[in-house]
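Q: First, the structure itself, so that you have it in front of you.
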Amino acid sequence: MADIKCSVCDETYTEMEGFEGTEQAYKCSADIIGETVVGNYGSTVLDMHMAVFTPSRPESMGDGIICDSCISSMMDEGTLVISLAENRDGVDMDDEAAMLLLMGEDERAYEETEGRSN
Ligand SMILES: [Zn+2]
């Protein structure tokens with residue numbers, strides 16, 4: 001099985017059995033695509049979800065594979081936020097981290113709406 005290398009931290013992960021050639025490894029199965037990170041099966045923090053860079057993707061970061069630990073630290077920093085527009089109904093309600101992000105985002109969206117109406 002091939003090793004999957006995170007393009008951000010250079011950590012290597014082993015491709016999942018049955019997913020040879022897909023570049024999907026357990027805990028390293030998300031792709032940086034433009035201003036978004038798209039999680040695939042195998043990612044524990046972004047499984048089948050999408051996140052967006054906030055306010056924008058760091059210039060040092062290119063398109064490539066990103067591992068869960070890099071995603072998690074960026075989410076902790078608030079530089080990567082789960083995309084509500086694309087995945088609102090897809091958010092795993094058992095995922096506490098995702099729910100907290102979702103709630104935080106709701107609050108911000110609410111404030112923005114309030115600001116506009118004033
Ligand atoms: Zn990484």
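Following the order of the structure tokens, first chain is A, next is B, and so on, with residues numbered from 1 inside each chain and ligands from 1 in the order they appear.
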Step by step, measure atom-to-atom distances between ligand 1 and each residue using only C-alpha atoms and all ligand atoms, keep those at most 12 Å, then write them as a tab-separated table (two decimals) with C-alpha atoms, in the first residue's frame.

A:
chain	number	residue	atom	x	y	z
A	4	ILE	CA	-0.08	9.28	1.44
A	5	LYS	CA	1.82	12.41	2.29
A	6	CYS	CA	0.20	15.51	3.71
A	7	SER	CA	1.20	18.43	1.51
A	8	VAL	CA	1.14	20.78	4.49
A	9	CYS	CA	3.12	19.02	7.24
A	10	ASP	CA	4.80	16.25	5.20
A	11	GLU	CA	3.54	13.58	7.56
A	12	THR	CA	2.93	10.26	5.79
A	13	TYR	CA	-0.13	8.07	6.24
A	25	ALA	CA	-5.64	7.35	4.05
A	27	LYS	CA	-6.80	10.56	9.02
A	28	CYS	CA	-5.36	11.94	5.81
A	29	SER	CA	-8.09	12.05	3.22
A	30	ALA	CA	-8.93	15.62	2.33
A	31	ASP	CA	-7.91	17.78	-0.60
A	32	ILE	CA	-7.09	21.47	-0.69
A	43	SER	CA	-10.86	11.79	7.20
A	61	MET	CA	-0.35	26.51	0.86
A	64	GLY	CA	-2.83	19.04	-2.37
A	65	ILE	CA	-3.65	16.54	0.29
A	66	ILE	CA	-4.12	17.73	3.86
A	67	CYS	CA	-4.21	15.53	6.96
A	68	ASP	CA	-6.66	15.65	9.85
A	69	SER	CA	-4.16	17.06	12.31
A	70	CYS	CA	-3.45	20.03	10.01
A	71	ILE	CA	-7.20	20.51	9.44
A	72	SER	CA	-7.85	20.34	13.19
A	73	SER	CA	-5.22	22.90	14.07
A	74	MET	CA	-6.51	25.27	11.39

Q: Measuring between only C-alpha atoms, which one of A:Ala2, A:Asp63, A:Glu23, A:Met16 shows the shortest distance to Val37 of chain A?

A: A:Asp63

Q: Quick one: of A:Asp3, A:Gly78, A:Ile33, A:Thr22, who's nearest to Met50 of chain A, counting only C-alpha atoms?

A: A:Ile33

Q: Counting only C-alpha atoms, figure out which residue out of A:Gly39, A:Tyr26, A:Glu17, A:Pro58 gets nearest to Ser83 of chain A.

A: A:Gly39

Q: Fewer than 3 positions away in the same chain doesn't count, so skip those; otherwise give me all residues within 7 Å of Thr79 of chain A, counting only C-alpha atoms, as a list in words.

A: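 Listed by chain and then number, they are Phe53, Thr54, Pro55, Met74 and Met75 of chain A.
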
Q: Please dump the current selection as an mmCIF file, in the first residue's frame; keep N, CA and C atoms.

A:
data_model
loop_
_atom_site.group_PDB
_atom_site.id
_atom_site.type_symbol
_atom_site.label_atom_id
_atom_site.label_comp_id
_atom_site.auth_asym_id
_atom_site.auth_seq_id
_atom_site.Cartn_x
_atom_site.Cartn_y
_atom_site.Cartn_z
ATOM 1 N N PHE A 53 -11.383 28.214 3.722
ATOM 2 C CA PHE A 53 -10.350 28.995 4.381
ATOM 3 C C PHE A 53 -10.916 30.355 4.740
ATOM 4 N N THR A 54 -10.599 30.811 5.945
ATOM 5 C CA THR A 54 -11.102 32.093 6.428
ATOM 6 C C THR A 54 -9.941 32.940 6.940
ATOM 7 N N PRO A 55 -9.681 34.121 6.443
ATOM 8 C CA PRO A 55 -10.438 34.755 5.359
ATOM 9 C C PRO A 55 -10.040 34.221 3.979
ATOM 10 N N MET A 74 -5.988 24.086 12.081
ATOM 11 C CA MET A 74 -6.511 25.266 11.391
ATOM 12 C C MET A 74 -7.929 25.597 11.847
ATOM 13 N N MET A 75 -8.702 24.565 12.177
ATOM 14 C CA MET A 75 -10.054 24.803 12.690
ATOM 15 C C MET A 75 -9.977 25.437 14.083
#
